file model-v2.txt (compact mmCIF, C-alpha atoms)
# COMPACT_ATOMS: atom_id res chain seq x y z
CA MET O 79 0.00 0.00 0.00
CA ALA O 80 2.71 2.40 1.00
CA TYR O 81 4.62 1.47 -2.13
CA ARG O 82 1.60 2.09 -4.27
CA LEU O 83 1.02 5.49 -2.70
CA ARG O 84 4.60 6.44 -3.31
CA ASP O 85 4.41 5.06 -6.79
CA LYS O 86 1.32 7.12 -7.47
CA SER O 87 2.73 10.43 -6.33
CA GLY O 88 6.27 9.85 -7.48
CA ARG O 89 5.88 8.38 -10.95
CA GLY O 90 3.62 8.10 -13.94
CA HIS O 91 0.68 10.26 -14.74
CA ASN O 92 0.64 12.27 -11.51
CA GLU O 93 4.26 13.18 -11.77
CA LYS O 94 3.63 14.58 -15.21
CA SER O 95 0.95 17.00 -14.03
CA LYS O 96 3.05 17.87 -10.99
CA ALA O 97 6.05 18.48 -13.22
CA VAL O 98 4.08 20.99 -15.23
CA LYS O 99 3.09 22.87 -12.08
CA ASP O 100 6.25 22.85 -9.98
CA ASN O 101 9.25 21.89 -12.02
CA ARG O 102 9.01 23.99 -15.13
CA PRO O 103 12.48 24.75 -16.50
CA VAL O 104 13.79 28.11 -15.40
CA ASN O 105 15.83 29.90 -18.02
CA LEU O 106 17.12 32.47 -15.61
CA ASP O 107 20.67 32.01 -14.40
CA ILE O 108 20.98 35.06 -12.18
CA GLY O 109 24.74 34.60 -11.96
CA THR O 110 25.14 35.31 -15.68
CA ILE O 111 22.76 38.26 -15.87
CA LYS O 112 23.76 41.87 -15.36
CA LEU O 113 21.37 42.97 -12.64
CA PRO O 114 19.61 46.36 -12.76
CA ILE O 115 19.97 48.84 -9.89
CA THR O 116 16.48 47.91 -8.65
CA ALA O 117 17.64 44.31 -8.12
CA TYR O 118 20.57 45.44 -5.95
CA ALA O 119 18.19 47.65 -3.97
CA SER O 120 15.89 44.68 -3.41
CA ILE O 121 18.65 42.21 -2.47
CA LEU O 122 20.16 44.69 -0.02
CA HIS O 123 16.71 45.24 1.48
CA ARG O 124 16.60 41.51 2.20
CA ILE O 125 20.16 41.29 3.50
CA SER O 126 19.66 44.31 5.78
CA GLY O 127 16.42 42.75 7.06
CA ILE O 128 18.25 39.56 8.06
CA ALA O 129 21.02 41.66 9.64
CA ILE O 130 18.48 43.54 11.75
CA PHE O 131 16.89 40.24 12.82
CA VAL O 132 20.31 39.17 14.18
CA GLY O 133 21.12 42.67 15.51
CA MET O 134 17.88 42.69 17.53
CA ALA O 135 19.62 40.44 20.06
CA VAL O 136 22.33 43.08 20.60
CA LEU O 137 19.78 45.89 20.91
CA LEU O 138 17.64 43.93 23.39
CA CYS O 139 20.80 43.18 25.43
CA LEU O 140 21.62 46.91 25.55
CA LEU O 141 18.02 47.84 26.42
CA ASP O 142 17.99 45.19 29.15
CA SER O 143 21.17 46.50 30.82
CA SER O 144 20.20 50.15 30.34
CA LEU O 145 16.91 49.73 32.21
CA GLU O 146 18.06 47.30 34.92
CA SER O 147 19.73 49.76 37.32
CA ALA O 148 21.54 53.09 37.39
CA GLU O 149 24.89 51.22 37.61
CA SER O 150 24.23 49.01 34.59
CA PHE O 151 22.91 52.07 32.70
CA ASN O 152 26.23 53.83 33.33
CA THR O 153 28.16 50.72 32.31
CA VAL O 154 26.28 50.67 28.98
CA LYS O 155 26.91 54.38 28.56
CA THR O 156 30.65 54.22 29.22
CA THR O 157 31.09 51.03 27.17
CA LEU O 158 29.28 52.69 24.27
CA ALA O 159 31.60 55.68 24.67
CA ASP O 160 34.87 53.70 24.93
CA ASN O 161 34.57 50.27 23.35
CA PHE O 162 35.36 50.34 19.63
CA LEU O 163 33.91 46.89 18.93
CA LEU O 164 30.54 47.69 20.51
CA LYS O 165 30.45 51.03 18.66
CA LEU O 166 31.13 49.21 15.41
CA ILE O 167 28.41 46.60 16.07
CA VAL O 168 25.84 49.25 17.02
CA TRP O 169 26.81 51.30 13.96
CA LEU O 170 26.44 48.26 11.67
CA VAL O 171 22.99 47.50 13.11
CA LEU O 172 22.07 51.18 12.65
CA CYS O 173 23.30 51.00 9.04
CA GLY O 174 21.02 48.02 8.52
CA PHE O 175 18.14 50.01 10.01
CA ILE O 176 18.93 53.04 7.87
CA TYR O 177 19.11 51.16 4.59
CA HIS O 178 16.08 48.98 5.39
CA THR O 179 14.11 52.08 6.40
CA CYS O 180 15.01 54.03 3.24
CA ALA O 181 14.16 51.07 0.99
CA GLY O 182 11.00 50.44 3.02
CA VAL O 183 9.83 54.05 2.74
CA LYS O 184 10.46 53.80 -1.02
CA HIS O 185 8.15 50.74 -1.04
CA LEU O 186 5.43 52.62 0.85
CA ILE O 187 5.70 55.59 -1.54
CA MET O 188 5.41 53.22 -4.50
CA ASP O 189 2.35 51.62 -2.84
CA LEU O 190 0.76 55.08 -2.92
CA GLY O 191 1.13 54.92 -6.70
CA ILE O 192 4.18 57.17 -6.97
CA GLY O 193 7.08 56.00 -9.15
CA GLU O 194 5.61 52.63 -10.10
CA THR O 195 7.02 52.74 -13.64
CA LEU O 196 10.34 51.19 -14.68
CA GLU O 197 11.95 54.62 -14.75
CA GLY O 198 10.34 55.52 -11.43
CA GLY O 199 11.65 52.31 -9.86
CA LYS O 200 15.19 53.04 -11.07
CA LYS O 201 14.98 56.61 -9.82
CA GLY O 202 13.66 55.42 -6.43
CA ALA O 203 16.50 52.92 -6.05
CA THR O 204 19.04 55.62 -7.01
CA ILE O 205 17.59 57.97 -4.37
CA VAL O 206 17.82 55.19 -1.74
CA PHE O 207 21.46 54.56 -2.69
CA ALA O 208 22.16 58.29 -2.46
CA VAL O 209 20.35 59.05 0.79
CA SER O 210 21.24 56.01 2.92
CA PRO O 211 25.09 56.43 2.82
CA VAL O 212 24.67 60.05 3.98
CA LEU O 213 22.50 58.91 6.91
CA MET O 214 24.98 56.09 7.68
CA LEU O 215 27.79 58.64 7.78
CA LEU O 216 25.76 60.87 10.12
CA ALA O 217 25.05 57.82 12.34
CA GLY O 218 28.79 57.11 12.42
CA ILE O 219 29.55 60.70 13.44
CA TRP O 220 26.86 60.44 16.13
CA ILE O 221 28.36 57.25 17.58
CA TRP O 222 32.03 58.33 17.43
CA MET F 142 0.67 24.55 -0.25
CA VAL F 143 3.62 23.56 1.92
CA THR F 144 4.97 27.09 1.52
CA GLN F 145 1.67 28.87 2.14
CA VAL F 146 0.86 27.06 5.36
CA THR F 147 3.89 28.65 7.08
CA SER F 148 3.07 32.24 6.09
CA PHE F 149 2.13 34.64 8.88
CA GLY F 150 -1.48 35.42 8.05
CA ARG F 151 -2.22 32.39 5.83
CA SER F 152 -3.03 34.83 3.03
CA GLY F 153 -0.78 36.79 0.73
CA LEU F 154 -2.98 39.88 0.89
CA SER F 155 -3.12 39.80 4.67
CA ASP F 156 0.68 39.41 4.87
CA TRP F 157 1.14 42.23 2.38
CA LEU F 158 -1.02 44.60 4.42
CA LEU F 159 0.47 43.54 7.77
CA GLN F 160 3.99 44.08 6.40
CA ARG F 161 3.12 47.70 5.54
CA PHE F 162 1.15 48.36 8.73
CA THR F 163 3.92 47.00 10.99
CA ALA F 164 6.53 48.87 8.91
CA VAL F 165 4.89 52.19 9.80
CA ILE F 166 4.86 51.26 13.52
CA LEU F 167 8.54 50.26 13.39
CA LEU F 168 9.45 53.43 11.49
CA ALA F 169 7.65 55.57 14.09
CA TYR F 170 9.41 53.79 16.98
CA PHE F 171 12.85 54.00 15.32
CA VAL F 172 12.46 57.73 14.59
CA PHE F 173 11.11 58.37 18.09
CA ILE F 174 13.92 56.55 19.95
CA VAL F 175 16.67 58.16 17.84
CA GLY F 176 14.97 61.55 18.21
CA PHE F 177 14.71 61.11 21.99
CA MET F 178 18.41 60.23 22.22
CA ILE F 179 19.44 63.21 20.07
CA CYS F 180 17.27 65.54 22.17
CA ASN F 181 18.86 64.18 25.37
CA PRO F 182 22.59 64.00 24.60
CA ALA F 183 23.62 63.71 28.26
CA MET F 184 20.98 61.11 29.04
CA SER F 185 20.61 60.14 32.70
CA PHE F 186 19.26 56.84 33.99
CA ASP F 187 16.25 58.65 35.47
CA THR F 188 15.26 60.23 32.14
CA TRP F 189 15.68 56.93 30.28
CA LYS F 190 13.96 54.78 32.92
CA GLY F 191 11.27 57.46 33.34
CA LEU F 192 10.45 57.24 29.65
CA PHE F 193 10.00 53.46 29.72
CA ASP F 194 7.98 53.66 32.97
CA THR F 195 5.20 55.67 31.35
CA THR F 196 2.12 53.71 30.25
CA TRP F 197 2.12 55.12 26.74
CA MET F 198 5.77 54.11 26.21
CA ALA F 199 5.02 50.60 27.54
CA ALA F 200 2.15 50.41 25.05
CA PHE F 201 4.29 51.81 22.20
CA THR F 202 7.15 49.39 22.97
CA SER F 203 4.78 46.39 23.30
CA LEU F 204 3.15 47.26 20.00
CA THR F 205 6.60 47.53 18.43
CA LEU F 206 7.61 44.11 19.80
CA PHE F 207 4.51 42.53 18.24
CA ALA F 208 5.22 44.43 15.02
CA VAL F 209 8.80 43.07 14.96
CA VAL F 210 7.51 39.49 15.24
CA ALA F 211 4.99 39.89 12.41
CA HIS F 212 7.31 41.96 10.19
CA ALA F 213 10.31 39.66 10.57
CA TRP F 214 8.15 36.55 10.16
CA ILE F 215 6.69 37.80 6.88
CA GLY F 216 10.08 39.00 5.64
CA LEU F 217 12.00 35.85 6.53
CA TRP F 218 9.17 33.71 5.16
CA SER F 219 9.42 35.53 1.82
CA VAL F 220 13.19 35.06 1.73
CA SER F 221 13.04 31.37 2.72
CA THR F 222 10.29 30.45 0.26
CA ASP F 223 12.19 32.27 -2.52
CA TYR F 224 15.60 30.69 -2.04
CA MET F 225 15.07 27.42 -0.13
CA THR F 226 13.27 25.68 -2.96
CA THR F 227 13.48 22.29 -4.64
CA ARG F 228 15.08 24.04 -7.61
CA THR F 229 17.93 25.48 -5.57
CA MET F 230 18.37 22.72 -2.99
CA GLY F 231 16.78 19.57 -4.36
CA ASP F 232 14.72 17.10 -2.36
CA LYS F 233 15.93 18.34 1.02
CA ALA F 234 14.54 21.86 0.40
CA THR F 235 11.32 21.38 2.36
CA VAL F 236 13.12 20.00 5.41
CA ILE F 237 15.74 22.77 5.32
CA ARG F 238 13.11 25.48 4.85
CA MET F 239 10.87 24.14 7.63
CA THR F 240 13.84 23.93 10.00
CA PHE F 241 14.83 27.50 9.12
CA GLN F 242 11.25 28.68 9.63
CA ALA F 243 10.90 26.88 12.95
CA THR F 244 14.20 28.43 14.09
CA TYR F 245 13.29 32.02 13.27
CA SER F 246 9.82 31.68 14.74
CA LEU F 247 11.32 30.38 18.00
CA ILE F 248 13.88 33.22 18.06
CA LEU F 249 11.12 35.78 17.42
CA PHE F 250 9.06 34.30 20.24
CA TYR F 251 12.13 34.54 22.47
CA TYR F 252 12.63 38.22 21.48
CA LEU F 253 8.98 38.88 22.35
CA VAL F 254 9.21 37.32 25.82
CA TRP F 255 12.60 38.96 26.43
CA GLY F 256 11.25 42.36 25.41
CA PHE F 257 8.25 42.02 27.70
CA LYS F 258 10.47 40.89 30.56
CA ILE F 259 12.67 43.99 30.11
CA LEU F 260 9.60 46.18 29.94
CA TRP F 261 7.65 44.82 32.89
CA SER F 262 10.34 44.01 35.43
call {"tool": "encode", "arguments": {"input": "model-v2.txt", "output": "structure tokens"}}
result
Amino acid sequence: MAYRLRDKSGRGHNEKSKAVKDNRPVNLDIGTIKLPITAYASILHRISGIAIFVGMAVLLCLLDSSLESAESFNTVKTTLADNFLLKLIVWLVLCGFIYHTCAGVKHLIMDLGIGETLEGGKKGATIVFAVSPVLMLLAGIWIW
Amino acid sequence: MVTQVTSFGRSGLSDWLLQRFTAVILLAYFVFIVGFMICNPAMSFDTWKGLFDTTWMAAFTSLTLFAVVAHAWIGLWSVSTDYMTTRTMGDKATVIRMTFQATYSLILFYYLVWGFKILWS
């Protein structure tokens, strides 16, 4: 019985119809294609999202210590003022936030119907790539 | 079907809307916290603790924690269902994707409990 079930879903007629639905050949080898600026904007949006997901642990740690007691608050404050590694980590998480926020706001603006054309999309991505490094630099100045 | 059953709202439209709605909450919280820090450059423990002790800030932070869970779930789900597919990984794709999804949902649940613990203790 088990064999027959497997046989039914794995081979023969059913596999054919399944193959049409799920396993159509994909003629898109992303590695060989020159990606447009909008694709880089999108991929970075995803990467920065994953980075923030990981960075959340650091931010919750800092929030935890900063609210626990006056002593631990001061420890966080002095460590953030002196420790290069912590500064760098916080800055990197902030950079993730900044890029993700810029790209996200671009999405929301496009959802309002602004810049939904191919040209508009390219322009939006260019603006995100122009604005976010400036904000990242300002964040760096703020931290250091 | 195996991909859809692990989405946050069980519907693409619902996930789409939730992603935007939570994004606005997260944006507001991010701008507020950074703004508060810039406005208080020599922040004292009392100012900082006082902020988080207010009811409205507890509500704002709780809302943000829920928004993080939903927003990250929908985002990571989109990424995992795009790249962890049979085409990219073969037969093991479903197992790998489900494991990844179980892991991030557990981490997000942990963040939620951790955040509430920080807030209410």
call {"tool": "interface_residues", "arguments": {"input": "model-v2.txt", "of": "chain F", "to": "chain O", "cutoff": "6 Å", "atoms": "only C-alpha atoms", "output": "list in words"}}
result
Phe186, Lys190 and Ile259 of chain F
call {"tool": "closest_residue", "arguments": {"input": "model-v2.txt", "among": "F:Thr202, F:Ile248, F:Val165, F:Ser221", "to": "Val236 in chain F", "atoms": "all atoms listed in the file"}}
result
F:Ser221
call {"tool": "atom_distance", "arguments": {"input": "model-v2.txt", "atom1": "CA of Met184 in chain F", "atom2": "CA of Met214 in chain O"}}
result
22.3 Å
call {"tool": "residues_around", "arguments": {"input": "model-v2.txt", "residues": "Gly174 in chain O", "least_positions_apart": "3", "cutoff": "8 Å", "atoms": "all atoms listed in the file", "output": "list of chain:residue names"}}
result
O:Ser126, O:Gly127, O:Ala129, O:Ile130, O:Leu170, O:Val171, O:Tyr177, O:His178
call {"tool": "atom_distance", "arguments": {"input": "model-v2.txt", "atom1": "CA of Cys173 in chain O", "atom2": "CA of Phe149 in chain F"}}
result
26.8 Å
call {"tool": "atom_distance", "arguments": {"input": "model-v2.txt", "atom1": "CA of Thr157 in chain O", "atom2": "CA of Phe173 in chain F"}}
result
23.1 Å
call {"tool": "closest_residue", "arguments": {"input": "model-v2.txt", "among": "F:Ala169, F:Leu217, F:Met225, F:Leu247", "to": "Phe201 in chain F", "atoms": "only C-alpha atoms"}}
result
F:Ala169
call {"tool": "closest_residue", "arguments": {"input": "model-v2.txt", "among": "O:Ile111, O:Leu140, O:Leu106, O:Ile205", "to": "Lys165 in chain O", "atoms": "all atoms listed in the file"}}
result
O:Leu140
call {"tool": "closest_residue", "arguments": {"input": "model-v2.txt", "among": "F:Tyr252, F:Phe162, F:Tyr170, F:Tyr224", "to": "Ala199 in chain F", "atoms": "all atoms listed in the file"}}
result
F:Tyr170
call {"tool": "residues_around", "arguments": {"input": "model-v2.txt", "residues": "Trp214 in chain F", "least_positions_apart": "3", "cutoff": "8 Å", "atoms": "all atoms listed in the file", "output": "JSON, numbers by chain"}}
result
{"F": [148, 149, 210, 211, 217, 218, 245, 246, 249]}
call {"tool": "closest_residue", "arguments": {"input": "model-v2.txt", "among": "O:Leu113, O:Ala203, O:Val136, O:Leu122", "to": "Ile167 in chain O", "atoms": "only C-alpha atoms"}}
result
O:Val136
call {"tool": "axis_aligned_box", "arguments": {"input": "model-v2.txt", "around": "range 198-205 of chain O", "padding_each_side": "5 Å", "output": "AutoDock Vina command-line options"}}
result
--center_x 14.7 --center_y 55.1 --center_z -7.9 --size_x 18.7 --size_y 15.7 --size_z 17.1
call {"tool": "residues_around", "arguments": {"input": "model-v2.txt", "residues": "Ala217 in chain O", "least_positions_apart": "4", "cutoff": "9 Å", "atoms": "only C-alpha atoms", "output": "PyMOL selection string"}}
result
chain O and resi 169+172-173+176+212-213+221-222
call {"tool": "residues_near_point", "arguments": {"input": "model-v2.txt", "point": "(4.4, 43.9, 14.1)", "cutoff": "10 Å", "atoms": "only C-alpha atoms", "output": "list of chain:residue names"}}
result
F:Leu159, F:Gln160, F:Arg161, F:Phe162, F:Thr163, F:Ala164, F:Val165, F:Ile166, F:Leu167, F:Ser203, F:Leu204, F:Thr205, F:Leu206, F:Phe207, F:Ala208, F:Val209, F:Val210, F:Ala211, F:His212, F:Ala213, F:Trp214, F:Ile215
call {"tool": "decode", "arguments": {"input": "model-v2.txt", "residues": "range 181-192 of chain O", "atoms": "all heavy atoms", "output": "short mmCIF file (atom, residue, chain, number, x, y, z; two decimals), in the first residue's frame"}}
result
data_model
loop_
_atom_site.label_atom_id
_atom_site.label_comp_id
_atom_site.auth_asym_id
_atom_site.auth_seq_id
_atom_site.Cartn_x
_atom_site.Cartn_y
_atom_site.Cartn_z
N ALA O 181 14.76 51.93 2.02
CA ALA O 181 14.16 51.07 0.99
C ALA O 181 12.69 50.80 1.31
O ALA O 181 11.86 50.69 0.41
CB ALA O 181 14.95 49.77 0.89
N GLY O 182 12.38 50.69 2.61
CA GLY O 182 11.00 50.44 3.02
C GLY O 182 10.10 51.63 2.73
O GLY O 182 8.97 51.47 2.25
N VAL O 183 10.60 52.83 3.02
CA VAL O 183 9.83 54.05 2.74
C VAL O 183 9.60 54.17 1.24
O VAL O 183 8.51 54.53 0.78
CB VAL O 183 10.54 55.30 3.32
CG1 VAL O 183 9.92 56.58 2.80
CG2 VAL O 183 10.49 55.28 4.84
N LYS O 184 10.62 53.80 0.45
CA LYS O 184 10.46 53.80 -1.02
C LYS O 184 9.30 52.87 -1.42
O LYS O 184 8.48 53.23 -2.26
CB LYS O 184 11.77 53.33 -1.68
CG LYS O 184 11.76 53.46 -3.19
CD LYS O 184 12.73 52.52 -3.86
CE LYS O 184 12.18 51.12 -3.89
NZ LYS O 184 13.01 50.18 -4.64
N HIS O 185 9.24 51.70 -0.77
CA HIS O 185 8.15 50.74 -1.04
C HIS O 185 6.79 51.36 -0.74
O HIS O 185 5.85 51.24 -1.52
CB HIS O 185 8.32 49.51 -0.14
CG HIS O 185 8.83 48.33 -0.89
ND1 HIS O 185 8.10 47.69 -1.86
CD2 HIS O 185 10.00 47.67 -0.81
CE1 HIS O 185 8.81 46.69 -2.34
NE2 HIS O 185 9.97 46.66 -1.73
N LEU O 186 6.71 52.02 0.44
CA LEU O 186 5.43 52.62 0.85
C LEU O 186 5.02 53.73 -0.12
O LEU O 186 3.84 53.86 -0.45
CB LEU O 186 5.54 53.17 2.28
CG LEU O 186 5.70 52.13 3.39
CD1 LEU O 186 5.93 52.79 4.74
CD2 LEU O 186 4.48 51.21 3.47
N ILE O 187 6.01 54.52 -0.57
CA ILE O 187 5.70 55.59 -1.54
C ILE O 187 5.19 54.98 -2.85
O ILE O 187 4.22 55.45 -3.44
CB ILE O 187 6.95 56.48 -1.77
CG1 ILE O 187 7.28 57.27 -0.49
CG2 ILE O 187 6.73 57.43 -2.94
CD1 ILE O 187 8.60 58.00 -0.53
N MET O 188 5.85 53.88 -3.27
CA MET O 188 5.41 53.22 -4.50
C MET O 188 4.00 52.63 -4.33
O MET O 188 3.22 52.60 -5.28
CB MET O 188 6.40 52.13 -4.90
CG MET O 188 7.71 52.67 -5.44
SD MET O 188 8.91 51.38 -5.79
CE MET O 188 8.62 51.14 -7.55
N ASP O 189 3.70 52.16 -3.10
CA ASP O 189 2.35 51.62 -2.84
C ASP O 189 1.29 52.71 -2.98
O ASP O 189 0.13 52.42 -3.26
CB ASP O 189 2.28 51.02 -1.42
CG ASP O 189 3.03 49.69 -1.34
OD1 ASP O 189 3.22 49.07 -2.41
OD2 ASP O 189 3.41 49.29 -0.24
N LEU O 190 1.70 53.98 -2.76
CA LEU O 190 0.76 55.08 -2.92
C LEU O 190 0.57 55.42 -4.40
O LEU O 190 -0.17 56.34 -4.75
CB LEU O 190 1.27 56.32 -2.16
CG LEU O 190 1.35 56.20 -0.64
CD1 LEU O 190 2.01 57.44 -0.04
CD2 LEU O 190 -0.04 56.02 -0.03
N GLY O 191 1.29 54.71 -5.26
CA GLY O 191 1.13 54.92 -6.70
C GLY O 191 2.16 55.85 -7.29
O GLY O 191 2.07 56.22 -8.46
N ILE O 192 3.16 56.24 -6.48
CA ILE O 192 4.18 57.17 -6.97
C ILE O 192 5.42 56.39 -7.42
O ILE O 192 5.97 55.60 -6.66
CB ILE O 192 4.56 58.20 -5.88
CG1 ILE O 192 3.31 58.98 -5.47
CG2 ILE O 192 5.66 59.14 -6.36
CD1 ILE O 192 3.40 59.66 -4.12
#
